[in-house]
file query_10.txt (compact mmCIF, C-alpha atoms)
# COMPACT_ATOMS: atom_id res chain seq x y z
CA MET B 1 0.00 0.00 0.00
CA ALA B 2 1.24 3.47 -0.84
CA LEU B 3 2.42 5.50 2.13
CA ASP B 4 0.67 8.60 3.45
CA LYS B 5 2.51 11.83 4.19
CA ASN B 6 3.20 10.91 7.81
CA ASP B 7 4.67 7.55 6.76
CA ILE B 8 6.98 9.29 4.28
CA ALA B 9 8.08 11.58 7.12
CA LYS B 10 8.63 8.55 9.40
CA ARG B 11 10.85 6.87 6.81
CA ILE B 12 12.90 10.05 6.27
CA ALA B 13 13.26 10.49 10.04
CA LYS B 14 15.41 7.33 10.01
CA GLU B 15 18.00 9.21 7.94
CA VAL B 16 18.45 11.76 10.73
CA LYS B 17 21.51 10.82 12.79
CA ASP B 18 22.78 11.79 16.23
CA GLY B 19 24.51 15.18 16.19
CA TYR B 20 22.93 16.40 12.97
CA TYR B 21 21.91 19.98 12.27
CA VAL B 22 18.90 19.68 9.97
CA ASN B 23 16.96 22.14 7.81
CA LEU B 24 13.36 21.11 7.14
CA GLY B 25 11.36 22.55 4.28
CA ILE B 26 7.64 23.27 4.26
CA GLY B 27 5.08 20.45 3.89
CA ILE B 28 6.00 16.77 4.47
CA PRO B 29 9.56 17.71 5.63
CA THR B 30 8.12 19.68 8.57
CA LEU B 31 6.47 16.46 9.79
CA VAL B 32 9.87 14.71 10.01
CA ALA B 33 10.58 16.51 13.30
CA ASN B 34 7.72 14.56 14.90
CA TYR B 35 9.35 11.19 14.20
CA VAL B 36 13.05 11.63 14.96
CA ARG B 37 14.26 9.14 17.59
CA THR B 38 14.11 10.65 21.05
CA ASP B 39 17.38 9.04 22.19
CA ILE B 40 19.53 11.15 19.82
CA PHE B 41 20.42 14.83 19.78
CA VAL B 42 19.43 16.83 16.71
CA GLU B 43 19.01 20.57 16.16
CA PHE B 44 16.59 21.97 13.63
CA GLN B 45 17.57 25.07 11.70
CA SER B 46 15.04 27.39 10.13
CA GLU B 47 16.50 29.76 7.56
CA ASN B 48 14.72 32.82 8.94
CA GLY B 49 17.28 32.71 11.72
CA ILE B 50 17.02 30.05 14.40
CA LEU B 51 18.86 26.91 15.47
CA GLY B 52 17.30 24.74 18.14
CA MET B 53 13.71 25.07 17.04
CA GLY B 54 11.15 23.41 19.33
CA PRO B 55 7.53 22.35 18.89
CA PHE B 56 4.53 24.64 18.45
CA PRO B 57 3.75 26.70 21.58
CA PHE B 58 0.88 25.91 23.92
CA GLU B 59 -2.26 27.92 23.25
CA GLY B 60 -1.88 31.41 24.68
CA GLU B 61 1.93 31.27 24.60
CA GLU B 62 2.41 32.23 20.93
CA ASP B 63 5.09 34.87 20.37
CA ALA B 64 4.85 37.00 17.20
CA ASP B 65 8.65 37.37 17.30
CA LEU B 66 9.23 33.62 17.19
CA ILE B 67 8.32 31.88 13.95
CA ASN B 68 9.76 29.32 11.52
CA ALA B 69 10.33 29.72 7.78
CA GLY B 70 6.71 28.65 7.19
CA LYS B 71 5.70 31.67 9.33
CA GLN B 72 4.27 29.33 11.97
CA THR B 73 4.62 30.17 15.66
CA ILE B 74 7.23 27.94 17.33
CA THR B 75 9.26 27.60 20.52
CA THR B 76 12.94 27.21 21.32
CA LEU B 77 14.70 24.28 22.96
CA PRO B 78 17.63 24.54 25.41
CA GLY B 79 20.73 25.50 23.42
CA ALA B 80 18.80 27.48 20.82
CA SER B 81 20.23 30.57 19.13
CA PHE B 82 19.05 33.36 16.83
CA PHE B 83 20.92 35.03 13.96
CA ASP B 84 20.24 37.22 10.94
CA SER B 85 19.34 36.06 7.43
CA ALA B 86 22.78 36.63 5.88
CA PHE B 87 24.39 34.62 8.67
CA SER B 88 21.73 31.94 8.33
CA PHE B 89 22.47 31.43 4.65
CA GLY B 90 26.15 31.66 5.43
CA MET B 91 25.83 28.53 7.57
CA ILE B 92 23.83 26.88 4.79
CA ARG B 93 26.23 27.87 1.97
CA GLY B 94 29.19 27.04 4.18
CA GLN B 95 27.82 23.48 4.53
CA HIS B 96 27.58 23.60 8.31
CA VAL B 97 24.07 22.17 8.11
CA ASP B 98 24.31 18.37 7.84
CA LEU B 99 21.02 17.51 6.19
CA THR B 100 18.42 19.35 4.14
CA ILE B 101 14.99 17.80 3.65
CA LEU B 102 12.66 19.48 1.20
CA GLY B 103 9.68 18.90 -1.03
CA ALA B 104 9.63 18.83 -4.83
CA MET B 105 7.26 18.90 -7.78
CA GLU B 106 9.72 17.02 -10.01
CA VAL B 107 13.11 15.33 -9.68
CA SER B 108 15.20 14.05 -12.58
CA GLU B 109 17.64 11.17 -12.88
CA ASN B 110 20.68 13.46 -12.78
CA GLY B 111 19.53 14.99 -9.49
CA ASP B 112 17.87 18.15 -10.82
CA ILE B 113 14.96 19.43 -8.76
CA ALA B 114 12.00 21.68 -9.62
CA ASN B 115 9.85 23.00 -6.81
CA TRP B 116 9.28 26.74 -7.10
CA LYS B 117 7.27 27.69 -10.13
CA ILE B 118 4.58 26.46 -12.49
CA PRO B 119 4.63 28.95 -15.37
CA GLY B 120 1.27 30.67 -15.77
CA LYS B 121 -0.15 28.95 -12.69
CA MET B 122 1.88 29.36 -9.56
CA VAL B 123 4.50 32.02 -9.04
CA LYS B 124 5.24 32.29 -5.35
CA GLY B 125 8.99 32.49 -5.41
CA MET B 126 11.83 30.19 -4.48
CA GLY B 127 12.33 31.45 -0.93
CA GLY B 128 15.47 29.77 0.37
CA ALA B 129 15.16 26.62 -1.74
CA MET B 130 17.73 27.58 -4.39
CA ASP B 131 20.36 28.44 -1.78
CA LEU B 132 19.65 25.23 0.13
CA VAL B 133 19.86 22.87 -2.85
CA ALA B 134 22.90 24.57 -4.36
CA SER B 135 24.85 24.40 -1.12
CA ALA B 136 23.85 21.37 0.91
CA ASP B 137 25.90 18.22 0.64
CA ASN B 138 23.15 15.93 1.80
CA ILE B 139 19.70 16.55 0.34
CA ILE B 140 16.71 14.27 0.75
CA VAL B 141 13.55 15.02 -1.17
CA ALA B 142 10.13 14.13 0.20
CA MET B 143 7.56 14.04 -2.58
CA MET B 144 4.67 12.24 -4.19
CA HIS B 145 5.78 9.76 -6.85
CA VAL B 146 2.85 10.55 -9.14
CA ASN B 147 0.55 13.57 -9.48
CA LYS B 148 -3.22 13.50 -9.07
CA ALA B 149 -3.59 12.45 -12.70
CA GLY B 150 -1.32 9.47 -12.02
CA GLU B 151 1.62 10.90 -13.99
CA SER B 152 5.15 10.30 -12.79
CA LYS B 153 7.07 13.13 -11.13
CA ILE B 154 10.25 11.03 -11.16
CA LEU B 155 11.55 11.96 -14.59
CA LYS B 156 14.36 11.59 -17.09
CA LYS B 157 14.35 15.37 -17.33
CA CYS B 158 12.40 17.98 -15.36
CA THR B 159 9.74 19.88 -17.31
CA LEU B 160 9.24 22.73 -14.81
CA PRO B 161 11.70 25.60 -14.16
CA LEU B 162 14.59 24.22 -12.12
CA THR B 163 15.45 25.05 -8.54
CA GLY B 164 18.87 23.42 -8.71
CA VAL B 165 20.93 21.10 -10.88
CA GLY B 166 22.54 17.76 -9.99
CA CYS B 167 21.98 18.16 -6.26
CA VAL B 168 19.46 15.60 -4.99
CA LYS B 169 20.92 12.45 -3.41
CA LYS B 170 17.87 10.57 -2.20
CA VAL B 171 14.13 10.65 -2.80
CA VAL B 172 11.42 9.19 -0.56
CA THR B 173 7.95 8.91 -2.07
CA GLU B 174 4.69 7.14 -1.20
CA LEU B 175 5.96 4.19 -3.25
CA ALA B 176 9.73 3.96 -2.92
CA VAL B 177 13.10 5.08 -1.65
CA LEU B 178 15.36 6.03 -4.57
CA GLU B 179 19.02 6.93 -4.62
CA ILE B 180 20.43 9.12 -7.36
CA THR B 181 23.62 7.54 -8.70
CA PRO B 182 25.88 8.69 -11.56
CA ASN B 183 23.88 6.23 -13.70
CA GLY B 184 20.44 7.43 -12.63
CA PHE B 185 17.75 6.40 -10.13
CA LYS B 186 18.47 3.25 -8.14
CA LEU B 187 15.54 1.60 -6.38
CA LEU B 188 16.56 0.97 -2.76
CA GLU B 189 13.29 0.16 -0.99
CA ARG B 190 9.61 -0.23 -1.79
CA ALA B 191 6.59 0.76 0.29
CA PRO B 192 5.08 -2.17 2.20
CA GLY B 193 2.93 -4.23 -0.16
CA VAL B 194 3.92 -2.23 -3.26
CA SER B 195 5.44 -4.35 -6.03
CA VAL B 196 8.56 -3.48 -7.99
CA ASP B 197 6.45 -3.68 -11.16
CA HIS B 198 4.04 -1.08 -9.77
CA ILE B 199 6.96 1.25 -9.05
CA ILE B 200 8.40 0.73 -12.54
CA SER B 201 5.06 1.50 -14.15
CA SER B 202 4.67 4.64 -11.99
CA THR B 203 8.11 5.98 -12.93
CA GLU B 204 8.93 7.75 -16.17
CA ALA B 205 12.69 7.53 -15.60
CA GLU B 206 14.63 4.28 -15.89
CA LEU B 207 15.24 2.50 -12.59
CA ILE B 208 18.35 0.56 -11.66
CA ILE B 209 17.13 -2.55 -9.86
CA GLU B 210 19.65 -4.94 -8.32
CA GLY B 211 18.51 -8.13 -6.59
CA GLU B 212 15.63 -8.31 -4.14
CA ILE B 213 14.20 -4.90 -3.19
CA PRO B 214 13.35 -4.83 0.53
CA GLU B 215 10.24 -3.21 1.99
CA MET B 216 10.67 0.10 3.84
CA VAL B 217 10.65 -0.16 7.62
CA ILE B 218 8.32 2.57 8.81
CA ASP B 219 7.86 2.11 12.59
CA MET S 220 27.56 60.28 21.76
CA ILE S 221 26.24 61.19 18.33
CA ASN S 222 22.50 61.50 18.73
CA LYS S 223 20.40 59.71 16.09
CA LYS S 224 17.04 60.20 17.78
CA VAL S 225 14.19 61.78 15.86
CA ASN S 226 10.89 62.56 17.54
CA SER S 227 8.38 61.12 15.13
CA VAL S 228 7.92 58.71 12.30
CA GLN S 229 7.23 61.75 10.08
CA ASP S 230 10.69 63.15 10.87
CA ALA S 231 12.25 59.74 10.37
CA LEU S 232 10.83 59.34 6.86
CA GLN S 233 11.81 62.84 5.65
CA GLY S 234 13.27 62.73 2.17
CA ILE S 235 11.59 59.54 0.96
CA GLU S 236 10.21 60.54 -2.42
CA ASP S 237 8.49 59.05 -5.44
CA ASN S 238 10.59 56.65 -7.57
CA MET S 239 13.05 55.81 -4.79
CA THR S 240 14.35 52.35 -3.87
CA ILE S 241 13.68 51.28 -0.29
CA MET S 242 14.81 48.20 1.62
CA LEU S 243 12.50 47.00 4.37
CA GLY S 244 13.35 44.39 7.01
CA GLY S 245 11.14 41.54 8.13
CA PHE S 246 10.31 37.93 7.31
CA GLY S 247 6.63 37.47 6.58
CA LEU S 248 5.01 39.83 9.08
CA CYS S 249 7.70 39.14 11.71
CA GLY S 250 10.00 42.06 12.46
CA ILE S 251 8.57 44.45 9.85
CA PRO S 252 8.81 48.23 10.41
CA GLU S 253 5.05 48.57 10.71
CA ASN S 254 4.98 52.19 11.91
CA SER S 255 7.06 53.32 8.95
CA ILE S 256 4.92 51.35 6.50
CA ALA S 257 1.75 52.96 7.92
CA GLU S 258 3.35 56.40 7.51
CA LEU S 259 4.41 55.65 3.91
CA VAL S 260 0.76 54.81 3.19
CA LYS S 261 -0.26 58.20 4.69
CA LYS S 262 2.44 60.06 2.76
CA GLY S 263 1.24 58.47 -0.45
CA THR S 264 4.76 58.16 -1.89
CA LYS S 265 4.47 56.50 -5.30
CA ASN S 266 6.43 54.38 -7.79
CA LEU S 267 8.57 52.82 -5.09
CA THR S 268 10.93 49.93 -5.68
CA CYS S 269 10.81 47.82 -2.53
CA ILE S 270 13.44 45.27 -1.56
CA SER S 271 11.95 43.00 1.08
CA ASN S 272 11.89 39.23 1.53
CA ASN S 273 8.09 39.11 1.30
CA ALA S 274 5.27 41.41 0.24
CA GLY S 275 3.09 41.23 3.35
CA VAL S 276 -0.50 39.97 3.33
CA ASP S 277 -3.49 41.68 1.73
CA ASP S 278 -4.23 43.99 4.66
CA PHE S 279 -0.96 44.23 6.57
CA GLY S 280 2.72 44.90 6.00
CA LEU S 281 3.73 45.84 2.46
CA GLY S 282 0.29 44.66 1.33
CA LEU S 283 -0.95 48.07 2.54
CA LEU S 284 1.37 49.86 0.08
CA LEU S 285 0.33 47.46 -2.69
CA GLN S 286 -3.35 48.21 -2.06
CA GLN S 287 -2.66 51.91 -2.65
CA LYS S 288 -0.61 51.06 -5.76
CA GLN S 289 2.44 52.80 -4.32
CA ILE S 290 4.85 50.06 -5.35
CA LYS S 291 6.18 49.92 -8.90
CA LYS S 292 8.57 47.04 -8.39
CA MET S 293 9.04 44.36 -5.72
CA ILE S 294 12.32 42.52 -5.19
CA SER S 295 11.60 39.50 -2.97
CA SER S 296 12.25 35.80 -2.51
CA TYR S 297 8.72 34.64 -1.68
CA VAL S 298 5.40 36.36 -2.29
CA GLY S 299 2.89 33.58 -1.81
CA GLU S 300 0.53 35.01 0.78
CA ASN S 301 -0.94 37.99 -1.02
CA ALA S 302 -3.87 37.88 -3.50
CA GLU S 303 -3.63 41.59 -4.42
CA PHE S 304 0.05 41.11 -5.18
CA GLU S 305 -0.71 38.19 -7.48
CA ARG S 306 -3.42 40.19 -9.26
CA GLN S 307 -1.11 43.17 -9.88
CA MET S 308 1.73 40.91 -10.98
CA LEU S 309 -0.38 38.90 -13.45
CA SER S 310 -1.98 42.07 -14.88
CA GLY S 311 1.47 43.58 -15.41
CA GLU S 312 0.85 46.58 -13.10
CA LEU S 313 3.58 45.43 -10.76
CA ASP S 314 7.10 44.50 -11.78
CA VAL S 315 8.46 41.59 -9.74
CA GLU S 316 11.98 40.25 -9.39
CA LEU S 317 12.19 36.99 -7.48
CA ILE S 318 15.62 36.07 -6.16
CA PRO S 319 16.93 33.33 -3.85
CA GLN S 320 16.58 34.25 -0.21
CA GLY S 321 20.24 33.79 0.67
CA THR S 322 21.23 35.88 -2.33
CA LEU S 323 18.78 38.59 -1.23
CA ALA S 324 20.33 38.63 2.25
CA GLU S 325 23.89 38.63 0.92
CA ARG S 326 23.17 41.43 -1.58
CA CYS S 327 22.04 43.52 1.40
CA ARG S 328 25.07 42.54 3.45
CA ALA S 329 27.39 43.26 0.50
CA ALA S 330 25.92 46.76 0.21
CA GLN S 331 26.42 47.24 3.95
CA ALA S 332 30.00 46.00 3.82
CA GLY S 333 31.24 47.70 0.64
CA ILE S 334 31.51 44.55 -1.43
CA PRO S 335 30.32 45.38 -4.98
CA ALA S 336 29.63 41.79 -6.06
CA PHE S 337 30.13 38.18 -5.00
CA PHE S 338 29.78 34.63 -6.32
CA THR S 339 27.18 32.18 -5.04
CA PRO S 340 26.15 28.68 -6.18
CA ALA S 341 22.47 29.53 -5.57
CA GLY S 342 20.52 29.64 -8.81
CA TYR S 343 23.22 28.20 -11.05
CA GLY S 344 21.59 26.32 -13.95
CA THR S 345 18.20 27.97 -13.31
CA GLU S 346 16.46 30.99 -14.81
CA VAL S 347 17.94 33.09 -11.99
CA ALA S 348 21.34 32.71 -13.66
CA ILE S 349 20.27 34.06 -17.05
CA GLY S 350 22.57 36.88 -18.16
CA LYS S 351 24.89 36.54 -15.15
CA GLU S 352 28.61 35.83 -15.15
CA VAL S 353 29.35 32.19 -14.30
CA ARG S 354 32.58 30.98 -12.74
CA GLU S 355 33.90 27.70 -11.46
CA PHE S 356 35.58 27.60 -8.06
CA ASP S 357 36.91 24.28 -6.69
CA GLY S 358 34.95 22.32 -9.26
CA LYS S 359 31.63 23.97 -8.42
CA MET S 360 29.72 26.46 -10.56
CA HIS S 361 28.78 29.89 -9.19
CA ILE S 362 27.02 32.98 -10.49
CA MET S 363 27.93 36.60 -9.85
CA GLU S 364 25.48 38.73 -7.91
CA HIS S 365 25.73 42.46 -7.16
CA ALA S 366 25.25 44.48 -4.00
CA PHE S 367 21.92 46.27 -3.83
CA LYS S 368 21.77 50.02 -4.26
CA ALA S 369 19.00 51.61 -2.22
CA ASP S 370 18.08 55.15 -1.17
CA PHE S 371 16.73 54.15 2.23
CA SER S 372 16.84 51.13 4.53
CA ILE S 373 13.99 50.87 7.03
CA VAL S 374 14.52 48.35 9.82
CA LYS S 375 12.75 47.32 12.99
CA ALA S 376 14.48 46.42 16.25
CA TRP S 377 13.36 45.51 19.75
CA LYS S 378 15.48 47.94 21.73
CA GLY S 379 17.62 50.83 20.64
CA ASP S 380 19.42 53.74 22.20
CA GLU S 381 19.84 57.36 21.14
CA ALA S 382 23.24 56.52 19.67
CA GLY S 383 21.45 54.25 17.19
CA ASN S 384 22.64 50.95 18.68
CA LEU S 385 20.18 48.12 18.13
CA ILE S 386 19.15 44.85 19.76
CA PHE S 387 16.74 42.50 18.00
CA LYS S 388 14.42 39.89 19.49
CA GLY S 389 13.89 36.26 18.42
CA THR S 390 13.36 35.61 14.74
CA ALA S 391 12.23 39.24 14.28
CA ARG S 392 15.95 39.80 13.63
CA ASN S 393 15.94 38.16 10.14
CA PHE S 394 16.83 40.67 7.37
CA ASN S 395 16.93 43.72 9.63
CA PRO S 396 20.64 43.62 10.61
CA CYS S 397 21.72 42.93 6.99
CA MET S 398 19.88 46.03 5.77
CA CYS S 399 21.41 48.45 8.30
CA GLY S 400 23.79 50.71 6.42
CA ALA S 401 22.90 49.04 3.11
CA GLY S 402 20.82 51.99 1.93
CA LYS S 403 22.18 55.56 1.76
CA ILE S 404 20.14 56.42 4.88
CA THR S 405 19.03 53.86 7.47
CA ILE S 406 15.95 54.46 9.60
CA ALA S 407 15.40 52.25 12.64
CA GLU S 408 12.06 51.99 14.39
CA VAL S 409 12.25 50.37 17.81
CA GLU S 410 9.80 49.14 20.41
CA GLU S 411 11.79 50.79 23.17
CA LEU S 412 14.14 53.74 22.71
CA LEU S 413 16.51 54.25 25.65
CA PRO S 414 19.08 56.87 26.61
CA ALA S 415 22.64 56.13 25.50
CA GLY S 416 24.36 54.04 28.17
CA SER S 417 21.26 52.00 28.94
CA LEU S 418 22.24 49.09 26.72
CA ASN S 419 25.13 46.78 27.56
CA PRO S 420 27.70 47.24 24.74
CA ASN S 421 28.37 43.48 24.86
CA GLU S 422 24.80 42.76 23.85
CA ILE S 423 24.40 45.17 20.94
CA HIS S 424 23.70 43.43 17.62
CA ILE S 425 24.16 46.45 15.31
CA PRO S 426 26.26 49.50 16.26
CA GLY S 427 24.81 52.96 15.73
CA ILE S 428 27.31 53.87 13.01
CA LEU S 429 25.01 52.14 10.51
CA ILE S 430 21.91 54.06 11.63
CA GLN S 431 21.11 57.69 10.74
CA ARG S 432 17.67 58.06 12.37
CA ILE S 433 16.04 56.17 15.22
CA PHE S 434 12.58 56.55 16.72
CA GLN S 435 10.24 54.69 19.02
CA GLY S 436 7.20 53.33 17.19
CA GLU S 437 3.83 54.29 18.63
CA ILE S 438 1.96 51.04 18.08
CA PHE S 439 3.22 47.54 17.35
CA GLU S 440 0.38 45.26 16.34
CA LYS S 441 2.81 42.39 15.59
CA ARG S 442 0.28 40.38 13.67
CA ILE S 443 0.84 36.60 13.52
CA GLU S 444 0.57 35.08 10.06
CA GLN S 445 0.25 31.38 10.96
CA ARG S 446 -0.86 30.89 14.54
CA THR S 447 0.09 27.27 15.28
CA THR S 448 -0.24 25.76 18.75
CA ARG S 449 -0.33 22.41 20.48
CA LYS S 450 -2.72 21.20 23.16
CA ARG S 451 -1.53 20.86 26.73
CA ALA S 452 -1.11 17.21 27.68
call {"tool": "encode", "arguments": {"input": "query_10.txt", "output": "structure tokens"}}
result
Amino acid sequence: MALDKNDIAKRIAKEVKDGYYVNLGIGIPTLVANYVRTDIFVEFQSENGILGMGPFPFEGEEDADLINAGKQTITTLPGASFFDSAFSFGMIRGQHVDLTILGAMEVSENGDIANWKIPGKMVKGMGGAMDLVASADNIIVAMMHVNKAGESKILKKCTLPLTGVGCVKKVVTELAVLEITPNGFKLLERAPGVSVDHIISSTEAELIIEGEIPEMVID
Amino acid sequence: MINKKVNSVQDALQGIEDNMTIMLGGFGLCGIPENSIAELVKKGTKNLTCISNNAGVDDFGLGLLLQQKQIKKMISSYVGENAEFERQMLSGELDVELIPQGTLAERCRAAQAGIPAFFTPAGYGTEVAIGKEVREFDGKMHIMEHAFKADFSIVKAWKGDEAGNLIFKGTARNFNPCMCGAGKITIAEVEELLPAGSLNPNEIHIPGILIQRIFQGEIFEKRIEQRTTRKRA
């Protein structure tokens, strides 16, 4: 069965290691924070200028001066710090952030990503996405494998305006975990109960498939 | 002490005229100079080019200037929360330049620090790179970006003193420090304006040298864009 958004977040949470500084994008990536193991130490960075981001505040304790990059009210955890936007992107460009998790509309087999613009339809801006994908060493994309019409978003070549080129390392979708290798997408894991054939037929790009493909471990 | 204090928002905004380029601090509605924006609406200054990460919402922040059609061009990284903005952009009334957020911040900082241009990997291989010089450093491709040129910077801080020193609070800091001294004249509006000597020099985020005019804002609504909470266990 295809995963829901929370399951995708749970699977990605397993990639978060002890001691990591992590930047989470808007959407499914934000959910990842809910599923990181509680026996490891991780700090979440939000590009508007905070490290050590905590959960949403209790009702009545919202602070207008304390938000994340999605403009949601948040809290701080012990050890948190604030800084300005130039400094924030300095730590991103300088590769001090260990892992970036973000959403995408399309990803291609050479690691290109498109997630900021649909010409004629949606022009909201790239925010910090272009800086993040151009700079981060370790980028995981959380996305839906197919759109509502059932068309693949895992492509040979992106059709939408690009956010970055050759930068994505790993993709987790409702159907599969894919790694981007110099030779293209490699199928690493499949969603529980989803067949390799189903993944192949849902993917426009070629898939490298070696041996038995294990099921994702979600919980 | 060189005194930067002015007595009113009207005095602070003296000299802002039609067709000027203005930088405004803030991220979403967090840390925006809301008293100055309200006064710009009253003044009716037109054909402004505004450099700000976002464009406010329909009825707050820079959205207020958009409603009055005072903005000719917006330079931002993300403008998704504003229907009037989208209408003006799609109809061609408003010119919009979207640039990566880190590049926006660094172009402010470069202007502040006297760096005319710099190279960044952000936007390489995308439409942002069109027409820009490309260079390879250590095997990685970068594009050249220029420092902003602005007539005024308008920033918001939590506390300030008469010498123009500033302290910011929480994530209301965001673009504000980067914009200080990036425009020809920097105006700071603060929640609390104190006599010089009241702030601990160790705790000052931006020294007064970058600020020409400082005033205490009358009202800070500090509207929250996305109020998210959790239930008590």
call {"tool": "closest_atom_pairs", "arguments": {"input": "query_10.txt", "of": "chain B", "to": "chain S", "cutoff": "7 Å", "atoms": "only C-alpha atoms", "output": "JSON lines"}}
result
{"residue": "B:Asn48", "atom": "CA", "partner": "S:Asn393", "partner_atom": "CA", "distance": 5.6}
{"residue": "B:Gly49", "atom": "CA", "partner": "S:Thr390", "partner_atom": "CA", "distance": 5.7}
{"residue": "B:Ile50", "atom": "CA", "partner": "S:Thr390", "partner_atom": "CA", "distance": 6.7}
{"residue": "B:Phe56", "atom": "CA", "partner": "S:Thr448", "partner_atom": "CA", "distance": 4.9}
{"residue": "B:Pro57", "atom": "CA", "partner": "S:Thr448", "partner_atom": "CA", "distance": 5.0}
{"residue": "B:Phe58", "atom": "CA", "partner": "S:Arg449", "partner_atom": "CA", "distance": 5.1}
{"residue": "B:Glu59", "atom": "CA", "partner": "S:Thr448", "partner_atom": "CA", "distance": 5.4}
{"residue": "B:Ala64", "atom": "CA", "partner": "S:Ile443", "partner_atom": "CA", "distance": 5.5}
{"residue": "B:Asp65", "atom": "CA", "partner": "S:Ala391", "partner_atom": "CA", "distance": 5.0}
{"residue": "B:Leu66", "atom": "CA", "partner": "S:Thr390", "partner_atom": "CA", "distance": 5.2}
{"residue": "B:Ile67", "atom": "CA", "partner": "S:Thr390", "partner_atom": "CA", "distance": 6.3}
{"residue": "B:Lys71", "atom": "CA", "partner": "S:Gln445", "partner_atom": "CA", "distance": 5.7}
{"residue": "B:Gln72", "atom": "CA", "partner": "S:Gln445", "partner_atom": "CA", "distance": 4.6}
{"residue": "B:Thr73", "atom": "CA", "partner": "S:Thr447", "partner_atom": "CA", "distance": 5.4}
{"residue": "B:Phe82", "atom": "CA", "partner": "S:Gly389", "partner_atom": "CA", "distance": 6.1}
{"residue": "B:Phe83", "atom": "CA", "partner": "S:Arg392", "partner_atom": "CA", "distance": 6.9}
{"residue": "B:Asp84", "atom": "CA", "partner": "S:Asn393", "partner_atom": "CA", "distance": 4.5}
{"residue": "B:Ser85", "atom": "CA", "partner": "S:Asn393", "partner_atom": "CA", "distance": 4.8}
{"residue": "B:Ala86", "atom": "CA", "partner": "S:Ala324", "partner_atom": "CA", "distance": 4.8}
{"residue": "B:Phe89", "atom": "CA", "partner": "S:Gly321", "partner_atom": "CA", "distance": 5.1}
{"residue": "B:Lys124", "atom": "CA", "partner": "S:Gly299", "partner_atom": "CA", "distance": 4.4}
{"residue": "B:Gly125", "atom": "CA", "partner": "S:Tyr297", "partner_atom": "CA", "distance": 4.3}
{"residue": "B:Met126", "atom": "CA", "partner": "S:Ser296", "partner_atom": "CA", "distance": 6.0}
{"residue": "B:Gly127", "atom": "CA", "partner": "S:Ser296", "partner_atom": "CA", "distance": 4.6}
{"residue": "B:Gly128", "atom": "CA", "partner": "S:Gln320", "partner_atom": "CA", "distance": 4.7}
{"residue": "B:Met130", "atom": "CA", "partner": "S:Ala341", "partner_atom": "CA", "distance": 5.3}
{"residue": "B:Asp131", "atom": "CA", "partner": "S:Ala341", "partner_atom": "CA", "distance": 4.5}
{"residue": "B:Ala134", "atom": "CA", "partner": "S:Ala341", "partner_atom": "CA", "distance": 5.1}
{"residue": "B:Ser135", "atom": "CA", "partner": "S:Pro340", "partner_atom": "CA", "distance": 6.8}
{"residue": "B:Pro161", "atom": "CA", "partner": "S:Thr345", "partner_atom": "CA", "distance": 7.0}
{"residue": "B:Leu162", "atom": "CA", "partner": "S:Thr345", "partner_atom": "CA", "distance": 5.3}
{"residue": "B:Thr163", "atom": "CA", "partner": "S:Thr345", "partner_atom": "CA", "distance": 6.2}
{"residue": "B:Gly164", "atom": "CA", "partner": "S:Gly342", "partner_atom": "CA", "distance": 6.4}
{"residue": "B:Val165", "atom": "CA", "partner": "S:Gly344", "partner_atom": "CA", "distance": 6.1}
call {"tool": "closest_residue", "arguments": {"input": "query_10.txt", "among": "S:Ile423, S:Ile221, S:Ala336, S:Ile235", "to": "Gly402 (chain S)", "atoms": "all atoms listed in the file"}}
result
S:Ile235
call {"tool": "residues_around", "arguments": {"input": "query_10.txt", "residues": "region 35-46 of chain B", "least_positions_apart": "2", "cutoff": "7 Å", "atoms": "all atoms listed in the file", "output": "list in words"}}
result
Lys10, Ala13, Lys14, Val16, Asp18, Gly19, Tyr20, Tyr21, Val22, Asn23, Val32, Ala33, Asn48, Gly49, Ile50, Leu51, Gly52, Met53, Asn68 and Ala69 of chain B
call {"tool": "atom_distance", "arguments": {"input": "query_10.txt", "atom1": "CA of Ala104 (chain B)", "atom2": "CA of Asp4 (chain B)"}}
result
15.9 Å
call {"tool": "atom_distance", "arguments": {"input": "query_10.txt", "atom1": "CA of Ile200 (chain B)", "atom2": "CA of Asp219 (chain B)"}}
result
25.2 Å
call {"tool": "residues_near_point", "arguments": {"input": "query_10.txt", "point": "(13.5, 52.5, 7.8)", "cutoff": "9 Å", "atoms": "all atoms listed in the file", "output": "PyMOL selection string"}}
result
chain S and resi 231-232+241-244+252+255-256+371-375+399+404-408+432-433
call {"tool": "write_last_selection", "arguments": {"input": "query_10.txt", "atoms": "C-alpha atoms", "output": "short mmCIF file (atom, residue, chain, number, x, y, z; two decimals), in the coordinates of the input"}}
result
data_model
loop_
_atom_site.label_atom_id
_atom_site.label_comp_id
_atom_site.auth_asym_id
_atom_site.auth_seq_id
_atom_site.Cartn_x
_atom_site.Cartn_y
_atom_site.Cartn_z
CA ALA S 231 12.25 59.74 10.37
CA LEU S 232 10.83 59.34 6.86
CA ILE S 241 13.68 51.28 -0.29
CA MET S 242 14.81 48.20 1.62
CA LEU S 243 12.50 47.00 4.37
CA GLY S 244 13.35 44.39 7.01
CA PRO S 252 8.81 48.23 10.41
CA SER S 255 7.06 53.32 8.95
CA ILE S 256 4.92 51.35 6.50
CA PHE S 371 16.73 54.15 2.23
CA SER S 372 16.84 51.13 4.53
CA ILE S 373 13.99 50.87 7.03
CA VAL S 374 14.52 48.35 9.82
CA LYS S 375 12.75 47.32 12.99
CA CYS S 399 21.41 48.45 8.30
CA ILE S 404 20.14 56.42 4.88
CA THR S 405 19.03 53.86 7.47
CA ILE S 406 15.95 54.46 9.60
CA ALA S 407 15.40 52.25 12.64
CA GLU S 408 12.06 51.99 14.39
CA ARG S 432 17.67 58.06 12.37
CA ILE S 433 16.04 56.17 15.22
#
